[in-house]
$ cat my_file-v5.cif   # mmCIF, N, CA and C atoms
data_start
loop_
_atom_site.label_atom_id
_atom_site.label_comp_id
_atom_site.auth_asym_id
_atom_site.auth_seq_id
_atom_site.Cartn_x
_atom_site.Cartn_y
_atom_site.Cartn_z
N GLU A 1 27.18 -21.79 -41.51
CA GLU A 1 26.76 -22.97 -40.76
C GLU A 1 26.37 -22.62 -39.33
N ASP A 2 27.04 -21.63 -38.76
CA ASP A 2 26.73 -21.21 -37.39
C ASP A 2 26.38 -19.73 -37.43
N ALA A 3 25.11 -19.40 -37.22
CA ALA A 3 24.65 -18.01 -37.32
C ALA A 3 24.65 -17.29 -35.98
N SER A 4 25.36 -17.83 -35.00
CA SER A 4 25.50 -17.14 -33.72
C SER A 4 26.30 -15.86 -33.95
N TYR A 5 25.84 -14.76 -33.38
CA TYR A 5 26.51 -13.49 -33.63
C TYR A 5 27.94 -13.48 -33.13
N LEU A 6 28.25 -14.22 -32.06
CA LEU A 6 29.63 -14.24 -31.55
C LEU A 6 30.55 -15.09 -32.42
N THR A 7 29.99 -16.01 -33.19
CA THR A 7 30.77 -16.76 -34.17
C THR A 7 31.04 -15.88 -35.38
N LEU A 8 30.01 -15.18 -35.85
CA LEU A 8 30.15 -14.32 -37.03
C LEU A 8 30.96 -13.06 -36.73
N PHE A 9 30.78 -12.51 -35.52
CA PHE A 9 31.46 -11.27 -35.12
C PHE A 9 32.15 -11.51 -33.77
N PRO A 10 33.30 -12.18 -33.77
CA PRO A 10 33.95 -12.53 -32.51
C PRO A 10 34.39 -11.32 -31.68
N ASP A 11 34.53 -10.15 -32.30
CA ASP A 11 34.93 -8.95 -31.55
C ASP A 11 33.74 -8.19 -30.96
N ALA A 12 32.52 -8.68 -31.19
CA ALA A 12 31.34 -8.02 -30.64
C ALA A 12 31.30 -8.19 -29.12
N LEU A 13 30.70 -7.22 -28.46
CA LEU A 13 30.51 -7.32 -27.02
C LEU A 13 29.38 -8.30 -26.73
N GLU A 14 29.59 -9.18 -25.76
CA GLU A 14 28.58 -10.18 -25.42
C GLU A 14 27.28 -9.53 -24.96
N ASN A 15 26.18 -10.15 -25.31
CA ASN A 15 24.83 -9.72 -24.91
C ASN A 15 24.45 -8.35 -25.46
N THR A 16 24.96 -8.00 -26.65
CA THR A 16 24.63 -6.69 -27.24
C THR A 16 23.93 -6.81 -28.59
N LEU A 17 23.48 -8.00 -28.97
CA LEU A 17 22.72 -8.17 -30.22
C LEU A 17 21.24 -7.98 -29.92
N PHE A 18 20.60 -7.03 -30.65
CA PHE A 18 19.18 -6.77 -30.46
C PHE A 18 18.47 -6.73 -31.81
N LEU A 19 17.29 -7.35 -31.86
CA LEU A 19 16.41 -7.23 -33.03
C LEU A 19 15.28 -6.29 -32.65
N PHE A 20 14.52 -5.86 -33.66
CA PHE A 20 13.41 -4.94 -33.40
C PHE A 20 12.12 -5.56 -33.90
N ASP A 21 11.12 -5.61 -33.02
CA ASP A 21 9.77 -6.05 -33.37
C ASP A 21 8.82 -5.25 -32.49
N ASP A 22 8.60 -3.99 -32.85
CA ASP A 22 7.83 -3.01 -32.07
C ASP A 22 8.53 -2.62 -30.77
N ALA A 23 9.61 -3.29 -30.43
CA ALA A 23 10.48 -2.97 -29.30
C ALA A 23 11.78 -3.73 -29.55
N TYR A 24 12.81 -3.42 -28.79
CA TYR A 24 14.08 -4.12 -28.93
C TYR A 24 14.09 -5.36 -28.06
N PHE A 25 14.58 -6.47 -28.64
CA PHE A 25 14.68 -7.73 -27.93
C PHE A 25 16.08 -8.30 -28.10
N PRO A 26 16.67 -8.84 -27.02
CA PRO A 26 17.98 -9.47 -27.16
C PRO A 26 17.86 -10.73 -28.01
N ASP A 27 18.92 -11.05 -28.73
CA ASP A 27 18.94 -12.24 -29.57
C ASP A 27 20.35 -12.79 -29.60
N THR A 28 20.52 -13.99 -30.14
CA THR A 28 21.85 -14.59 -30.25
C THR A 28 22.13 -15.14 -31.64
N ILE A 29 21.08 -15.43 -32.41
CA ILE A 29 21.22 -16.01 -33.75
C ILE A 29 20.77 -14.98 -34.78
N MET A 30 21.58 -14.79 -35.82
CA MET A 30 21.25 -13.81 -36.86
C MET A 30 20.56 -14.52 -38.04
N ILE A 31 19.53 -13.88 -38.57
CA ILE A 31 18.74 -14.43 -39.68
C ILE A 31 18.85 -13.48 -40.86
N GLU A 32 19.10 -14.02 -42.05
CA GLU A 32 19.22 -13.16 -43.23
C GLU A 32 17.96 -12.36 -43.45
N GLY A 33 18.15 -11.09 -43.81
CA GLY A 33 17.04 -10.18 -44.05
C GLY A 33 16.64 -9.38 -42.82
N GLU A 34 16.97 -9.88 -41.62
CA GLU A 34 16.70 -9.15 -40.39
C GLU A 34 17.81 -8.13 -40.16
N GLY A 35 17.46 -7.01 -39.58
CA GLY A 35 18.45 -6.02 -39.18
C GLY A 35 18.66 -6.11 -37.68
N TYR A 36 19.83 -5.74 -37.23
CA TYR A 36 20.17 -5.85 -35.81
C TYR A 36 20.98 -4.65 -35.37
N TRP A 37 20.94 -4.38 -34.07
CA TRP A 37 21.90 -3.51 -33.41
C TRP A 37 22.90 -4.43 -32.75
N LEU A 38 24.19 -4.15 -32.94
CA LEU A 38 25.24 -4.94 -32.33
C LEU A 38 26.36 -4.01 -31.94
N ARG A 39 26.88 -4.18 -30.75
CA ARG A 39 27.88 -3.24 -30.23
C ARG A 39 29.29 -3.84 -30.24
N PHE A 40 30.25 -2.98 -30.58
CA PHE A 40 31.67 -3.32 -30.59
C PHE A 40 32.43 -2.28 -29.78
N GLU A 41 33.58 -2.65 -29.24
CA GLU A 41 34.41 -1.69 -28.52
C GLU A 41 35.08 -0.72 -29.47
N SER A 42 35.43 -1.19 -30.69
CA SER A 42 36.11 -0.32 -31.64
C SER A 42 35.72 -0.72 -33.06
N GLU A 43 36.06 0.16 -34.01
CA GLU A 43 35.78 -0.13 -35.42
C GLU A 43 36.61 -1.30 -35.89
N GLY A 44 36.12 -1.97 -36.93
CA GLY A 44 36.84 -3.10 -37.49
C GLY A 44 36.10 -3.64 -38.69
N ALA A 45 36.59 -4.72 -39.19
CA ALA A 45 35.97 -5.39 -40.34
C ALA A 45 36.00 -6.89 -40.11
N VAL A 46 35.08 -7.58 -40.72
CA VAL A 46 35.03 -9.04 -40.62
C VAL A 46 34.61 -9.58 -41.98
N THR A 47 35.15 -10.72 -42.35
CA THR A 47 34.76 -11.42 -43.57
C THR A 47 33.88 -12.59 -43.18
N ILE A 48 32.71 -12.66 -43.77
CA ILE A 48 31.79 -13.76 -43.49
C ILE A 48 31.79 -14.68 -44.71
N MET A 49 32.11 -15.93 -44.49
CA MET A 49 32.16 -16.91 -45.57
C MET A 49 30.81 -17.63 -45.66
N GLY A 50 30.45 -17.98 -46.87
CA GLY A 50 29.21 -18.71 -47.08
C GLY A 50 28.71 -18.51 -48.48
N ASN A 51 27.55 -19.05 -48.77
CA ASN A 51 26.96 -18.90 -50.09
C ASN A 51 26.36 -17.51 -50.23
N PRO A 52 26.57 -16.87 -51.39
CA PRO A 52 25.98 -15.55 -51.59
C PRO A 52 24.45 -15.63 -51.60
N ILE A 53 23.82 -14.57 -51.14
CA ILE A 53 22.37 -14.47 -51.15
C ILE A 53 22.01 -13.51 -52.28
N SER A 54 21.39 -14.04 -53.34
CA SER A 54 21.08 -13.21 -54.51
C SER A 54 19.62 -12.79 -54.56
N GLU A 55 18.77 -13.41 -53.75
CA GLU A 55 17.35 -13.03 -53.69
C GLU A 55 16.84 -13.32 -52.30
N LEU A 56 16.00 -12.43 -51.80
CA LEU A 56 15.50 -12.58 -50.45
C LEU A 56 14.13 -11.93 -50.33
N SER A 57 13.18 -12.68 -49.79
CA SER A 57 11.86 -12.14 -49.47
C SER A 57 11.89 -11.74 -48.00
N ILE A 58 11.50 -10.49 -47.73
CA ILE A 58 11.53 -9.97 -46.36
C ILE A 58 10.11 -9.60 -45.95
N ASN A 59 9.66 -10.16 -44.83
CA ASN A 59 8.35 -9.83 -44.29
C ASN A 59 8.46 -8.55 -43.48
N LEU A 60 7.59 -7.61 -43.77
CA LEU A 60 7.54 -6.35 -43.03
C LEU A 60 6.25 -6.27 -42.24
N SER A 61 6.33 -5.67 -41.08
CA SER A 61 5.14 -5.38 -40.26
C SER A 61 4.74 -3.94 -40.52
N GLU A 62 3.49 -3.61 -40.25
CA GLU A 62 3.08 -2.21 -40.35
C GLU A 62 3.90 -1.39 -39.37
N GLY A 63 4.40 -0.26 -39.84
CA GLY A 63 5.24 0.60 -39.00
C GLY A 63 6.70 0.44 -39.38
N TRP A 64 7.58 0.70 -38.42
CA TRP A 64 9.02 0.65 -38.67
C TRP A 64 9.56 -0.77 -38.56
N ASN A 65 10.48 -1.11 -39.47
CA ASN A 65 11.12 -2.42 -39.52
C ASN A 65 12.62 -2.22 -39.65
N LEU A 66 13.38 -3.11 -39.04
CA LEU A 66 14.84 -3.11 -39.13
C LEU A 66 15.24 -4.29 -40.01
N ILE A 67 15.81 -3.99 -41.19
CA ILE A 67 16.12 -5.04 -42.18
C ILE A 67 17.59 -4.99 -42.58
N SER A 68 18.00 -6.02 -43.30
CA SER A 68 19.30 -6.04 -43.96
C SER A 68 19.07 -6.51 -45.39
N GLY A 69 20.16 -6.57 -46.16
CA GLY A 69 20.00 -6.88 -47.57
C GLY A 69 20.60 -8.21 -47.99
N ILE A 70 20.93 -8.28 -49.28
CA ILE A 70 21.51 -9.48 -49.86
C ILE A 70 23.02 -9.27 -50.04
N SER A 71 23.65 -10.11 -50.81
CA SER A 71 25.11 -10.08 -50.95
C SER A 71 25.62 -9.01 -51.91
N GLU A 72 24.74 -8.25 -52.51
CA GLU A 72 25.15 -7.15 -53.37
C GLU A 72 24.24 -5.96 -53.13
N GLU A 73 24.70 -4.79 -53.57
CA GLU A 73 23.89 -3.58 -53.39
C GLU A 73 22.59 -3.67 -54.17
N VAL A 74 21.52 -3.14 -53.59
CA VAL A 74 20.21 -3.11 -54.23
C VAL A 74 19.67 -1.68 -54.12
N SER A 75 19.35 -1.09 -55.25
CA SER A 75 18.73 0.22 -55.28
C SER A 75 17.28 0.10 -54.81
N MET A 76 16.80 1.09 -54.09
CA MET A 76 15.39 1.08 -53.68
C MET A 76 14.47 1.02 -54.89
N ASN A 77 14.92 1.55 -56.03
CA ASN A 77 14.13 1.49 -57.26
C ASN A 77 13.97 0.06 -57.76
N ALA A 78 14.87 -0.85 -57.33
CA ALA A 78 14.83 -2.23 -57.80
C ALA A 78 14.15 -3.17 -56.80
N VAL A 79 13.74 -2.65 -55.64
CA VAL A 79 13.06 -3.49 -54.66
C VAL A 79 11.65 -3.79 -55.16
N SER A 80 11.31 -5.08 -55.18
CA SER A 80 9.97 -5.49 -55.60
C SER A 80 9.03 -5.33 -54.40
N ASP A 81 8.02 -4.50 -54.58
CA ASP A 81 7.05 -4.19 -53.54
C ASP A 81 5.65 -4.40 -54.12
N PRO A 82 5.28 -5.68 -54.38
CA PRO A 82 4.03 -5.96 -55.11
C PRO A 82 2.77 -5.47 -54.41
N GLU A 83 2.80 -5.36 -53.08
CA GLU A 83 1.62 -4.91 -52.34
C GLU A 83 1.67 -3.41 -52.05
N VAL A 84 2.72 -2.73 -52.54
CA VAL A 84 2.93 -1.29 -52.36
C VAL A 84 2.79 -0.90 -50.88
N ILE A 85 3.61 -1.55 -50.06
CA ILE A 85 3.54 -1.31 -48.62
C ILE A 85 4.63 -0.38 -48.10
N ILE A 86 5.70 -0.18 -48.88
CA ILE A 86 6.79 0.69 -48.42
C ILE A 86 6.35 2.14 -48.50
N VAL A 87 6.53 2.87 -47.41
CA VAL A 87 6.27 4.31 -47.41
C VAL A 87 7.46 4.97 -48.11
N PRO A 88 7.23 5.67 -49.23
CA PRO A 88 8.35 6.26 -49.98
C PRO A 88 9.21 7.18 -49.11
N GLY A 89 10.53 7.12 -49.35
CA GLY A 89 11.46 8.00 -48.65
C GLY A 89 11.73 7.62 -47.21
N THR A 90 11.47 6.34 -46.84
CA THR A 90 11.64 5.96 -45.44
C THR A 90 12.71 4.88 -45.24
N LEU A 91 13.69 4.79 -46.13
CA LEU A 91 14.82 3.89 -45.90
C LEU A 91 15.92 4.71 -45.23
N TYR A 92 16.30 4.30 -44.01
CA TYR A 92 17.31 5.03 -43.26
C TYR A 92 18.41 4.09 -42.80
N GLY A 93 19.65 4.55 -42.96
CA GLY A 93 20.81 3.88 -42.39
C GLY A 93 21.23 4.66 -41.16
N PHE A 94 22.29 4.17 -40.51
CA PHE A 94 22.79 4.84 -39.31
C PHE A 94 24.29 5.02 -39.45
N ASN A 95 24.75 6.27 -39.29
CA ASN A 95 26.16 6.58 -39.34
C ASN A 95 26.41 7.71 -38.33
N GLY A 96 26.30 7.39 -37.05
CA GLY A 96 26.38 8.40 -36.01
C GLY A 96 25.07 9.14 -35.83
N GLY A 97 24.16 8.97 -36.75
CA GLY A 97 22.82 9.55 -36.78
C GLY A 97 22.08 8.89 -37.94
N TYR A 98 20.81 9.11 -38.04
CA TYR A 98 20.02 8.49 -39.10
C TYR A 98 20.18 9.26 -40.40
N VAL A 99 20.38 8.53 -41.51
CA VAL A 99 20.63 9.11 -42.82
C VAL A 99 19.70 8.45 -43.82
N GLU A 100 18.94 9.27 -44.58
CA GLU A 100 18.08 8.71 -45.61
C GLU A 100 18.94 8.07 -46.69
N MET A 101 18.54 6.88 -47.14
CA MET A 101 19.32 6.11 -48.10
C MET A 101 18.47 5.77 -49.32
N ASP A 102 19.16 5.47 -50.43
CA ASP A 102 18.46 4.98 -51.62
C ASP A 102 19.04 3.66 -52.08
N MET A 103 20.04 3.13 -51.35
CA MET A 103 20.65 1.84 -51.66
C MET A 103 20.70 1.00 -50.39
N ILE A 104 20.52 -0.31 -50.56
CA ILE A 104 20.70 -1.26 -49.47
C ILE A 104 22.05 -1.94 -49.71
N ILE A 105 23.00 -1.72 -48.81
CA ILE A 105 24.37 -2.18 -48.97
C ILE A 105 24.59 -3.43 -48.11
N PRO A 106 25.26 -4.45 -48.66
CA PRO A 106 25.48 -5.68 -47.89
C PRO A 106 26.17 -5.41 -46.56
N GLY A 107 25.73 -6.12 -45.53
CA GLY A 107 26.35 -6.02 -44.22
C GLY A 107 25.85 -4.88 -43.36
N LYS A 108 24.94 -4.09 -43.88
CA LYS A 108 24.40 -2.95 -43.12
C LYS A 108 22.95 -3.23 -42.74
N GLY A 109 22.49 -2.55 -41.69
CA GLY A 109 21.10 -2.63 -41.28
C GLY A 109 20.39 -1.34 -41.63
N TYR A 110 19.11 -1.43 -41.89
CA TYR A 110 18.33 -0.26 -42.33
C TYR A 110 16.95 -0.25 -41.68
N TRP A 111 16.49 0.96 -41.39
CA TRP A 111 15.11 1.17 -40.98
C TRP A 111 14.29 1.42 -42.23
N ILE A 112 13.12 0.81 -42.30
CA ILE A 112 12.19 1.06 -43.40
C ILE A 112 10.77 1.02 -42.83
N ARG A 113 9.92 1.88 -43.34
CA ARG A 113 8.54 1.97 -42.82
C ARG A 113 7.57 1.37 -43.83
N ALA A 114 6.62 0.59 -43.31
CA ALA A 114 5.58 -0.01 -44.14
C ALA A 114 4.21 0.50 -43.68
N ASN A 115 3.32 0.75 -44.64
CA ASN A 115 1.98 1.22 -44.28
C ASN A 115 1.03 0.08 -43.93
N SER A 116 1.46 -1.16 -44.17
CA SER A 116 0.73 -2.36 -43.77
C SER A 116 1.69 -3.54 -43.79
N SER A 117 1.28 -4.64 -43.23
CA SER A 117 2.11 -5.84 -43.24
C SER A 117 2.13 -6.47 -44.62
N GLY A 118 3.24 -7.08 -44.97
CA GLY A 118 3.38 -7.74 -46.26
C GLY A 118 4.83 -8.08 -46.52
N SER A 119 5.16 -8.39 -47.77
CA SER A 119 6.52 -8.81 -48.13
C SER A 119 7.07 -7.95 -49.25
N ILE A 120 8.40 -7.77 -49.20
CA ILE A 120 9.13 -7.16 -50.30
C ILE A 120 10.19 -8.16 -50.73
N ILE A 121 10.70 -7.99 -51.95
CA ILE A 121 11.70 -8.92 -52.48
C ILE A 121 12.91 -8.14 -52.96
N LEU A 122 14.08 -8.53 -52.47
CA LEU A 122 15.35 -7.96 -52.93
C LEU A 122 15.98 -8.97 -53.88
N THR A 123 16.39 -8.49 -55.05
CA THR A 123 16.99 -9.37 -56.05
C THR A 123 18.25 -8.70 -56.59
N GLY A 124 19.32 -9.51 -56.74
CA GLY A 124 20.55 -9.01 -57.31
C GLY A 124 20.51 -9.03 -58.83
N ASN A 125 21.55 -8.46 -59.42
CA ASN A 125 21.63 -8.41 -60.89
C ASN A 125 22.00 -9.75 -61.49
#

$ encode --input "my_file-v5.cif" --output "structure tokens"
Amino acid sequence: EDASYLTLFPDALENTLFLFDDAYFPDTIMIEGEGYWLRFESEGAVTIMGNPISELSINLSEGWNLISGISEEVSMNAVSDPEVIIVPGTLYGFNGGYVEMDMIIPGKGYWIRANSSGSIILTGN
């Protein structure tokens, strides 16, 4: 009901939520499918209550995009890319450094590169 990052992540440091759209921009409201950088003082976990997201259409711009997933893991092999815009081998997560990934895991943000603008669809089982 309230997508403010400080409501969803009360332990986050204030004014540290950033989205990416060819540059980093500060933000306060989180949108499903968007990826974000958010800073915390220490490691932790949070439970987010709400309706599960089983399918999501994500608009990508040409170049690098910061995205998130749905409520369950999605293999890159299962991502619907009807316009064939995803550059193969360009899904990256971050774990102290960038790591090539083949799964989109709930609650994580990912970098993905597109060769043109368009949409991809994530669908659960």

$ residues_near_point --input "my_file-v5.cif" --point "(17.4, -16.7, -47.5)" --cutoff "8 Å" --atoms "only C-alpha atoms" --output "ChimeraX atom specification"
/A:32-33,53,55-57

$ write_last_selection --input "my_file-v5.cif" --atoms "N, CA and C atoms" --output "PDB file, keeping the file's coordinate frame"
ATOM      1  N   GLU A  32      19.100 -14.020 -42.050  1.00  0.00           N
ATOM      2  CA  GLU A  32      19.220 -13.160 -43.230  1.00  0.00           C
ATOM      3  C   GLU A  32      17.960 -12.360 -43.450  1.00  0.00           C
ATOM      4  N   GLY A  33      18.150 -11.090 -43.810  1.00  0.00           N
ATOM      5  CA  GLY A  33      17.040 -10.180 -44.050  1.00  0.00           C
ATOM      6  C   GLY A  33      16.640  -9.380 -42.820  1.00  0.00           C
ATOM      7  N   ILE A  53      23.820 -14.570 -51.140  1.00  0.00           N
ATOM      8  CA  ILE A  53      22.370 -14.470 -51.150  1.00  0.00           C
ATOM      9  C   ILE A  53      22.010 -13.510 -52.280  1.00  0.00           C
ATOM     10  N   GLU A  55      18.770 -13.410 -53.750  1.00  0.00           N
ATOM     11  CA  GLU A  55      17.350 -13.030 -53.690  1.00  0.00           C
ATOM     12  C   GLU A  55      16.840 -13.320 -52.300  1.00  0.00           C
ATOM     13  N   LEU A  56      16.000 -12.430 -51.800  1.00  0.00           N
ATOM     14  CA  LEU A  56      15.500 -12.580 -50.450  1.00  0.00           C
ATOM     15  C   LEU A  56      14.130 -11.930 -50.330  1.00  0.00           C
ATOM     16  N   SER A  57      13.180 -12.680 -49.790  1.00  0.00           N
ATOM     17  CA  SER A  57      11.860 -12.140 -49.470  1.00  0.00           C
ATOM     18  C   SER A  57      11.890 -11.740 -48.000  1.00  0.00           C
TER      19      SER A  57
END

$ atom_distance --input "my_file-v5.cif" --atom1 "CA of Thr123 (chain A)" --atom2 "CA of Pro106 (chain A)"
12.3 Å

$ resolve_selection --input "my_file-v5.cif" --expression "the PyMOL selection byres ((chain A and resi 24-31) around 8)" --output "NGL selection string"
:A and (2-6 or 15-23 or 32-35 or 68)

$ write_last_selection --input "my_file-v5.cif" --atoms "N, CA and C atoms" --output "PDB file, in the frame of the given file"
ATOM      1  N   ASP A   2      27.040 -21.630 -38.760  1.00  0.00           N
ATOM      2  CA  ASP A   2      26.730 -21.210 -37.390  1.00  0.00           C
ATOM      3  C   ASP A   2      26.380 -19.730 -37.430  1.00  0.00           C
ATOM      4  N   ALA A   3      25.110 -19.400 -37.220  1.00  0.00           N
ATOM      5  CA  ALA A   3      24.650 -18.010 -37.320  1.00  0.00           C
ATOM      6  C   ALA A   3      24.650 -17.290 -35.980  1.00  0.00           C
ATOM      7  N   SER A   4      25.360 -17.830 -35.000  1.00  0.00           N
ATOM      8  CA  SER A   4      25.500 -17.140 -33.720  1.00  0.00           C
ATOM      9  C   SER A   4      26.300 -15.860 -33.950  1.00  0.00           C
ATOM     10  N   TYR A   5      25.840 -14.760 -33.380  1.00  0.00           N
ATOM     11  CA  TYR A   5      26.510 -13.490 -33.630  1.00  0.00           C
ATOM     12  C   TYR A   5      27.940 -13.480 -33.130  1.00  0.00           C
ATOM     13  N   LEU A   6      28.250 -14.220 -32.060  1.00  0.00           N
ATOM     14  CA  LEU A   6      29.630 -14.240 -31.550  1.00  0.00           C
ATOM     15  C   LEU A   6      30.550 -15.090 -32.420  1.00  0.00           C
ATOM     16  N   ASN A  15      26.180 -10.150 -25.310  1.00  0.00           N
ATOM     17  CA  ASN A  15      24.830  -9.720 -24.910  1.00  0.00           C
ATOM     18  C   ASN A  15      24.450  -8.350 -25.460  1.00  0.00           C
ATOM     19  N   THR A  16      24.960  -8.000 -26.650  1.00  0.00           N
ATOM     20  CA  THR A  16      24.630  -6.690 -27.240  1.00  0.00           C
ATOM     21  C   THR A  16      23.930  -6.810 -28.590  1.00  0.00           C
ATOM     22  N   LEU A  17      23.480  -8.000 -28.970  1.00  0.00           N
ATOM     23  CA  LEU A  17      22.720  -8.170 -30.220  1.00  0.00           C
ATOM     24  C   LEU A  17      21.240  -7.980 -29.920  1.00  0.00           C
ATOM     25  N   PHE A  18      20.600  -7.030 -30.650  1.00  0.00           N
ATOM     26  CA  PHE A  18      19.180  -6.770 -30.460  1.00  0.00           C
ATOM     27  C   PHE A  18      18.470  -6.730 -31.810  1.00  0.00           C
ATOM     28  N   LEU A  19      17.290  -7.350 -31.860  1.00  0.00           N
ATOM     29  CA  LEU A  19      16.410  -7.230 -33.030  1.00  0.00           C
ATOM     30  C   LEU A  19      15.280  -6.290 -32.650  1.00  0.00           C
ATOM     31  N   PHE A  20      14.520  -5.860 -33.660  1.00  0.00           N
ATOM     32  CA  PHE A  20      13.410  -4.940 -33.400  1.00  0.00           C
ATOM     33  C   PHE A  20      12.120  -5.560 -33.900  1.00  0.00           C
ATOM     34  N   ASP A  21      11.120  -5.610 -33.020  1.00  0.00           N
ATOM     35  CA  ASP A  21       9.770  -6.050 -33.370  1.00  0.00           C
ATOM     36  C   ASP A  21       8.820  -5.250 -32.490  1.00  0.00           C
ATOM     37  N   ASP A  22       8.600  -3.990 -32.850  1.00  0.00           N
ATOM     38  CA  ASP A  22       7.830  -3.010 -32.070  1.00  0.00           C
ATOM     39  C   ASP A  22       8.530  -2.620 -30.770  1.00  0.00           C
ATOM     40  N   ALA A  23       9.610  -3.290 -30.430  1.00  0.00           N
ATOM     41  CA  ALA A  23      10.480  -2.970 -29.300  1.00  0.00           C
ATOM     42  C   ALA A  23      11.780  -3.730 -29.550  1.00  0.00           C
ATOM     43  N   GLU A  32      19.100 -14.020 -42.050  1.00  0.00           N
ATOM     44  CA  GLU A  32      19.220 -13.160 -43.230  1.00  0.00           C
ATOM     45  C   GLU A  32      17.960 -12.360 -43.450  1.00  0.00           C
ATOM     46  N   GLY A  33      18.150 -11.090 -43.810  1.00  0.00           N
ATOM     47  CA  GLY A  33      17.040 -10.180 -44.050  1.00  0.00           C
ATOM     48  C   GLY A  33      16.640  -9.380 -42.820  1.00  0.00           C
ATOM     49  N   GLU A  34      16.970  -9.880 -41.620  1.00  0.00           N
ATOM     50  CA  GLU A  34      16.700  -9.150 -40.390  1.00  0.00           C
ATOM     51  C   GLU A  34      17.810  -8.130 -40.160  1.00  0.00           C
ATOM     52  N   GLY A  35      17.460  -7.010 -39.580  1.00  0.00           N
ATOM     53  CA  GLY A  35      18.450  -6.020 -39.180  1.00  0.00           C
ATOM     54  C   GLY A  35      18.660  -6.110 -37.680  1.00  0.00           C
ATOM     55  N   SER A  68      18.000  -6.020 -43.300  1.00  0.00           N
ATOM     56  CA  SER A  68      19.300  -6.040 -43.960  1.00  0.00           C
ATOM     57  C   SER A  68      19.070  -6.510 -45.390  1.00  0.00           C
TER      58      SER A  68
END

$ closest_residue --input "my_file-v5.cif" --among "A:Asn59, A:Ser54, A:Thr90, A:Ser117" --to "Glu72 (chain A)" --atoms "only C-alpha atoms"
A:Ser54

$ resolve_selection --input "my_file-v5.cif" --expression "the PyMOL selection byres ((chain A and resi 86) around 6)" --output "CSV table (one decimal) with N, CA and C atoms, in the coordinates of the input"
chain,number,residue,atom,x,y,z
A,84,VAL,N,2.7,-2.7,-52.5
A,84,VAL,CA,2.9,-1.3,-52.4
A,84,VAL,C,2.8,-0.9,-50.9
A,85,ILE,N,3.6,-1.6,-50.1
A,85,ILE,CA,3.5,-1.3,-48.6
A,85,ILE,C,4.6,-0.4,-48.1
A,87,VAL,N,6.5,2.9,-47.4
A,87,VAL,CA,6.3,4.3,-47.4
A,87,VAL,C,7.5,5.0,-48.1
A,88,PRO,N,7.2,5.7,-49.2
A,88,PRO,CA,8.4,6.3,-50.0
A,88,PRO,C,9.2,7.2,-49.1
A,113,ARG,N,9.9,1.9,-43.3
A,113,ARG,CA,8.5,2.0,-42.8
A,113,ARG,C,7.6,1.4,-43.8
A,114,ALA,N,6.6,0.6,-43.3
A,114,ALA,CA,5.6,0.0,-44.1
A,114,ALA,C,4.2,0.5,-43.7
A,115,ASN,N,3.3,0.8,-44.6
A,115,ASN,CA,2.0,1.2,-44.3
A,115,ASN,C,1.0,0.1,-43.9

$ residues_around --input "my_file-v5.cif" --residues "Ser119 (chain A)" --least-positions-apart "2" --cutoff "7 Å" --atoms "only N, CA and C atoms" --output "PDB file with N, CA and C atoms, keeping the file's coordinate frame"
ATOM      1  N   SER A  57      13.180 -12.680 -49.790  1.00  0.00           N
ATOM      2  CA  SER A  57      11.860 -12.140 -49.470  1.00  0.00           C
ATOM      3  C   SER A  57      11.890 -11.740 -48.000  1.00  0.00           C
ATOM      4  N   ILE A  58      11.500 -10.490 -47.730  1.00  0.00           N
ATOM      5  CA  ILE A  58      11.530  -9.970 -46.360  1.00  0.00           C
ATOM      6  C   ILE A  58      10.110  -9.600 -45.950  1.00  0.00           C
ATOM      7  N   ASN A  59       9.660 -10.160 -44.830  1.00  0.00           N
ATOM      8  CA  ASN A  59       8.350  -9.830 -44.290  1.00  0.00           C
ATOM      9  C   ASN A  59       8.460  -8.550 -43.480  1.00  0.00           C
ATOM     10  N   LEU A  60       7.590  -7.610 -43.770  1.00  0.00           N
ATOM     11  CA  LEU A  60       7.540  -6.350 -43.030  1.00  0.00           C
ATOM     12  C   LEU A  60       6.250  -6.270 -42.240  1.00  0.00           C
ATOM     13  N   SER A  80      11.310  -5.080 -55.180  1.00  0.00           N
ATOM     14  CA  SER A  80       9.970  -5.490 -55.600  1.00  0.00           C
ATOM     15  C   SER A  80       9.030  -5.330 -54.400  1.00  0.00           C
ATOM     16  N   ASP A  81       8.020  -4.500 -54.580  1.00  0.00           N
ATOM     17  CA  ASP A  81       7.050  -4.190 -53.540  1.00  0.00           C
ATOM     18  C   ASP A  81       5.650  -4.400 -54.120  1.00  0.00           C
ATOM     19  N   PRO A  82       5.280  -5.680 -54.380  1.00  0.00           N
ATOM     20  CA  PRO A  82       4.030  -5.960 -55.110  1.00  0.00           C
ATOM     21  C   PRO A  82       2.770  -5.470 -54.410  1.00  0.00           C
ATOM     22  N   GLU A  83       2.800  -5.360 -53.080  1.00  0.00           N
ATOM     23  CA  GLU A  83       1.620  -4.910 -52.340  1.00  0.00           C
ATOM     24  C   GLU A  83       1.670  -3.410 -52.050  1.00  0.00           C
ATOM     25  N   SER A 117       1.280  -4.640 -43.230  1.00  0.00           N
ATOM     26  CA  SER A 117       2.110  -5.840 -43.240  1.00  0.00           C
ATOM     27  C   SER A 117       2.130  -6.470 -44.620  1.00  0.00           C
ATOM     28  N   ILE A 121      10.700  -7.990 -51.950  1.00  0.00           N
ATOM     29  CA  ILE A 121      11.700  -8.920 -52.480  1.00  0.00           C
ATOM     30  C   ILE A 121      12.910  -8.140 -52.960  1.00  0.00           C
TER      31      ILE A 121
END

$ select_by_dssp --input "my_file-v5.cif" --residues "chain A" --states "strand (DSSP E or B)" --output "PyMOL selection string"
chain A and resi 4+12+18-20+24-26+29+34+37+40+55-60+63-68+74-75+80+86+92-94+98-100+103-104+109-114+118-123

$ residues_near_point --input "my_file-v5.cif" --point "(30.1, -2.6, -26.9)" --cutoff "7 Å" --atoms "all atoms listed in the file" --output "VMD selection string"
chain A and resid 12 to 14 16 38 to 42

$ atom_distance --input "my_file-v5.cif" --atom1 "CA of Gly118 (chain A)" --atom2 "CA of Tyr36 (chain A)"
19.9 Å

$ atom_distance --input "my_file-v5.cif" --atom1 "CA of Tyr110 (chain A)" --atom2 "CA of Leu91 (chain A)"
6.5 Å
